[in-house]
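Enquirer: Please read through the structure below; I'll follow up with questions.
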Amino acid sequence: MDLTNTKRIFQPAKRMQGLPEQFFARLVAKANAQAVKGRDIINLGQGNPDQPTPPHIVASLQEAAAKPQYHKYPPFGGFPFLKQAVAKRYKEDYNVELDPDTEVAVLFGGKTGLIEISQCLLDPGDVALVPDPGYPDYWSGIALAGARMSLMPLRADNNFLPDYSAIASSDADRAKLMFINYPNNPTGAVADSNFYQDTVAFAERHGIAVVSDFAYGAIGFGGDRPVSFLQTPGAKDVGFEIYTLSKSYNMAGWRVGFAVGNAELIGLINLIQDHYYCSLFGGIQEAAATALTGPQQCVRDLNATYESRMHALFNALGSIGWQAERPGGSFFCWLPIPAGTTSVAFADRLLEEADVVVAPGAGFGTHGEGYVRLGLLADEARLEEAVQRIGRLNLFT
């Protein structure tokens, strides 16, 4: 029997069929389709830092890559020196004490931990509380676990903070996990200590594990450092925080982050990772430790760059009549769109008629409709040019 032309059809597992669409992959494809036509695209739709990694961190990796001890498998869970560096940085920046052995987990970027924790805690049918709008990869881990999302609306009239009193009691009582994220992606909102106190009390009352996504923890405007969830009394009793070096040190492609906080949850993260892989290449771990323990002026300079870009952008937006609230942190701006259109249609128009890429708010959840997200990921002249292009469409007059 000739089988040369027989095509095998594989049946994917149900968990694969239930995954949400990769929103950013579709966004990139649209932008690339225009760029290949030779058009000058200003892409402000993604969260990809545009600056290089600081030279002293790059030099640390170059030196470490030649060390034979890193050419072997790294220890499961990561090298102790990196966990000690994480603890040192949290002590210096937030006055939070961490046990490097039990309260720190090394991650392949923050995204990995955000997906893994759902698989650690959720069974099919369990409930997770998720911000809406919010980072879409929260949905991915919940879908892989076969669990259900209960959405927490983030509205402008509540400073884009969830209103815990508005959560249905049935969902609050059934929820096993909750994601929060400040400085916030996509809204740029920040949270204060009062919000985190309310979060700890809510989690204790309902027996919920809290995951604080602190990816933009180093980026705050107006002279105030963003507050860490772990600075709140009782925070380590109910949850942990996930941090990434991607944003603070322009190390997005290095894929290194960490989870810190509740020892039981950290143990679960380490356990599931033991079954996936050993740990990061040792040279990257050494360079990450250099980033965390070395001079922090590069972090302060980066924050100042984003703040300067933000003000330049909003001054330009005002000149074309596009009114919006300035963000308190992160490198994102959350901009309301004109009435009578959708966020997808509006973003498509900006791409097709102005060669500017922004992210439609609907891609971040139901309550993201009516907005687009714009990243401060180009220099000031380029940001101003993007606004000038949009202004020529006369959408805000």
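How things are named: the first chain in the structure tokens is A, the next is B, and so on; residues count from 1 in each chain; ligands count from 1 in the order shown.
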So which residues touch A:Gly375 within 9 Å, counting only C-alpha atoms, skipping near sequence neighbours fewer than 3 positions away, as a list in words?
Expert: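 Residues meeting the cut-off are Asn43, Leu44, Gly45, Gln46, Gly47, Asn48, Phe331, Phe332, Cys333, Val358, Ala359 and Ala378 of chain A.
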Enquirer: Find the spatial neighbours of A:Ala235, counting only C-alpha atoms, within a cut-off of 9 Å - ignore same-chain residues fewer than 4 positions away - and output them as a list in words.
Expert: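 With the cut-off at 9 Å, the set is Tyr196, Gln197, Thr199, Val200, Val210, Phe229, Leu230, Gln231, Gly239, Phe240, Gly261 and Asn262 of chain A.
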Enquirer: Would you save the residues of that selection, restricted to N, CA, C and O atoms, as a PDB file, in the first residue's frame?
Expert:
```pdb
ATOM      1  N   TYR A 196      -3.232  48.115  48.463  1.00  0.00           N
ATOM      2  CA  TYR A 196      -2.627  46.827  48.785  1.00  0.00           C
ATOM      3  C   TYR A 196      -3.094  46.311  50.144  1.00  0.00           C
ATOM      4  O   TYR A 196      -3.250  45.103  50.335  1.00  0.00           O
ATOM      5  N   GLN A 197      -3.361  47.212  51.084  1.00  0.00           N
ATOM      6  CA  GLN A 197      -3.932  46.779  52.363  1.00  0.00           C
ATOM      7  C   GLN A 197      -5.319  46.171  52.154  1.00  0.00           C
ATOM      8  O   GLN A 197      -5.643  45.131  52.741  1.00  0.00           O
ATOM      9  N   THR A 199      -6.284  44.762  49.451  1.00  0.00           N
ATOM     10  CA  THR A 199      -6.069  43.511  48.731  1.00  0.00           C
ATOM     11  C   THR A 199      -5.731  42.381  49.693  1.00  0.00           C
ATOM     12  O   THR A 199      -6.274  41.274  49.596  1.00  0.00           O
ATOM     13  N   VAL A 200      -4.839  42.651  50.640  1.00  0.00           N
ATOM     14  CA  VAL A 200      -4.467  41.629  51.623  1.00  0.00           C
ATOM     15  C   VAL A 200      -5.686  41.225  52.451  1.00  0.00           C
ATOM     16  O   VAL A 200      -5.933  40.024  52.677  1.00  0.00           O
ATOM     17  N   VAL A 210      -2.740  35.701  46.005  1.00  0.00           N
ATOM     18  CA  VAL A 210      -2.570  36.916  45.202  1.00  0.00           C
ATOM     19  C   VAL A 210      -1.263  36.832  44.417  1.00  0.00           C
ATOM     20  O   VAL A 210      -0.213  36.497  44.971  1.00  0.00           O
ATOM     21  N   PHE A 229       3.748  45.356  46.317  1.00  0.00           N
ATOM     22  CA  PHE A 229       2.745  44.632  47.106  1.00  0.00           C
ATOM     23  C   PHE A 229       3.356  44.066  48.380  1.00  0.00           C
ATOM     24  O   PHE A 229       2.723  44.066  49.451  1.00  0.00           O
ATOM     25  N   LEU A 230       4.609  43.609  48.306  1.00  0.00           N
ATOM     26  CA  LEU A 230       5.238  42.960  49.462  1.00  0.00           C
ATOM     27  C   LEU A 230       5.577  43.932  50.580  1.00  0.00           C
ATOM     28  O   LEU A 230       5.928  43.497  51.674  1.00  0.00           O
ATOM     29  N   GLN A 231       5.470  45.221  50.339  1.00  0.00           N
ATOM     30  CA  GLN A 231       5.678  46.197  51.407  1.00  0.00           C
ATOM     31  C   GLN A 231       4.497  46.233  52.377  1.00  0.00           C
ATOM     32  O   GLN A 231       4.598  46.841  53.453  1.00  0.00           O
ATOM     33  N   GLY A 239       0.360  35.828  49.271  1.00  0.00           N
ATOM     34  CA  GLY A 239       0.740  35.791  47.867  1.00  0.00           C
ATOM     35  C   GLY A 239       2.189  36.096  47.602  1.00  0.00           C
ATOM     36  O   GLY A 239       3.031  36.093  48.508  1.00  0.00           O
ATOM     37  N   PHE A 240       2.474  36.358  46.332  1.00  0.00           N
ATOM     38  CA  PHE A 240       3.836  36.700  45.946  1.00  0.00           C
ATOM     39  C   PHE A 240       3.808  37.686  44.792  1.00  0.00           C
ATOM     40  O   PHE A 240       2.759  38.020  44.239  1.00  0.00           O
ATOM     41  N   GLY A 261       8.189  35.994  47.554  1.00  0.00           N
ATOM     42  CA  GLY A 261       7.113  36.112  48.527  1.00  0.00           C
ATOM     43  C   GLY A 261       6.818  34.809  49.237  1.00  0.00           C
ATOM     44  O   GLY A 261       7.741  34.118  49.693  1.00  0.00           O
ATOM     45  N   ASN A 262       5.554  34.457  49.316  1.00  0.00           N
ATOM     46  CA  ASN A 262       5.083  33.321  50.095  1.00  0.00           C
ATOM     47  C   ASN A 262       5.872  32.044  49.786  1.00  0.00           C
ATOM     48  O   ASN A 262       5.929  31.598  48.639  1.00  0.00           O
TER      49      ASN A 262
END
```
Enquirer: Using only C-alpha atoms, which of A:Ala31, A:Val190, A:Ala13, A:Val256 sits nearest A:Leu161?
Expert: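 Going through A:Ala31, A:Val190, A:Ala13, A:Val256 one by one, the smallest distance to A:Leu161 is for A:Val190.
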Enquirer: Can you list, as number ranges by chain, every protein, DNA or RNA residue that comes within 9 Å of A:Pro100 when you count only C-alpha atoms, leaving out same-chain residues fewer than 5 positions away?
Expert: A: 80-87, 105, 260
Enquirer: Can you check which parts of stretch 236-266 of chain A lie within 10 Å of stretch 294-311 of chain A? Per residue, the shortest pair of atoms and distance in Å to one decimal, counting only C-alpha atoms, sorted by chain and number, as JSON lines.
Expert:
```
{"residue": "A:Lys247", "atom": "CA", "partner": "A:Val299", "partner_atom": "CA", "distance": 9.3}
{"residue": "A:Ser248", "atom": "CA", "partner": "A:Val299", "partner_atom": "CA", "distance": 5.9}
{"residue": "A:Tyr249", "atom": "CA", "partner": "A:Val299", "partner_atom": "CA", "distance": 6.4}
{"residue": "A:Asn250", "atom": "CA", "partner": "A:Leu302", "partner_atom": "CA", "distance": 8.8}
```
Enquirer: Deliver the residues from the most recent selection as a file, using C-alpha atoms, as a PDB file, in the first residue's frame.
Expert:
```pdb
ATOM      1  CA  LYS A 247      11.755  46.459  31.586  1.00  0.00           C
ATOM      2  CA  SER A 248      14.024  47.760  34.359  1.00  0.00           C
ATOM      3  CA  TYR A 249      17.286  46.892  32.590  1.00  0.00           C
ATOM      4  CA  ASN A 250      16.198  46.583  28.931  1.00  0.00           C
TER       5      ASN A 250
END
```
Enquirer: Can you pull out the residues contacting stretch 56-61 of chain A? Cut-off 8 Å, using only C-alpha atoms, and skip same-chain residues under 2 positions away; I want them as a list in words.
Expert: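 Using only C-alpha atoms, the neighbours found are Thr53, Pro54, Glu63, Ala64, Ala65, Gly283, Ile284, Glu286, Ala287, Ala288, Thr290 and Ala291 of chain A.
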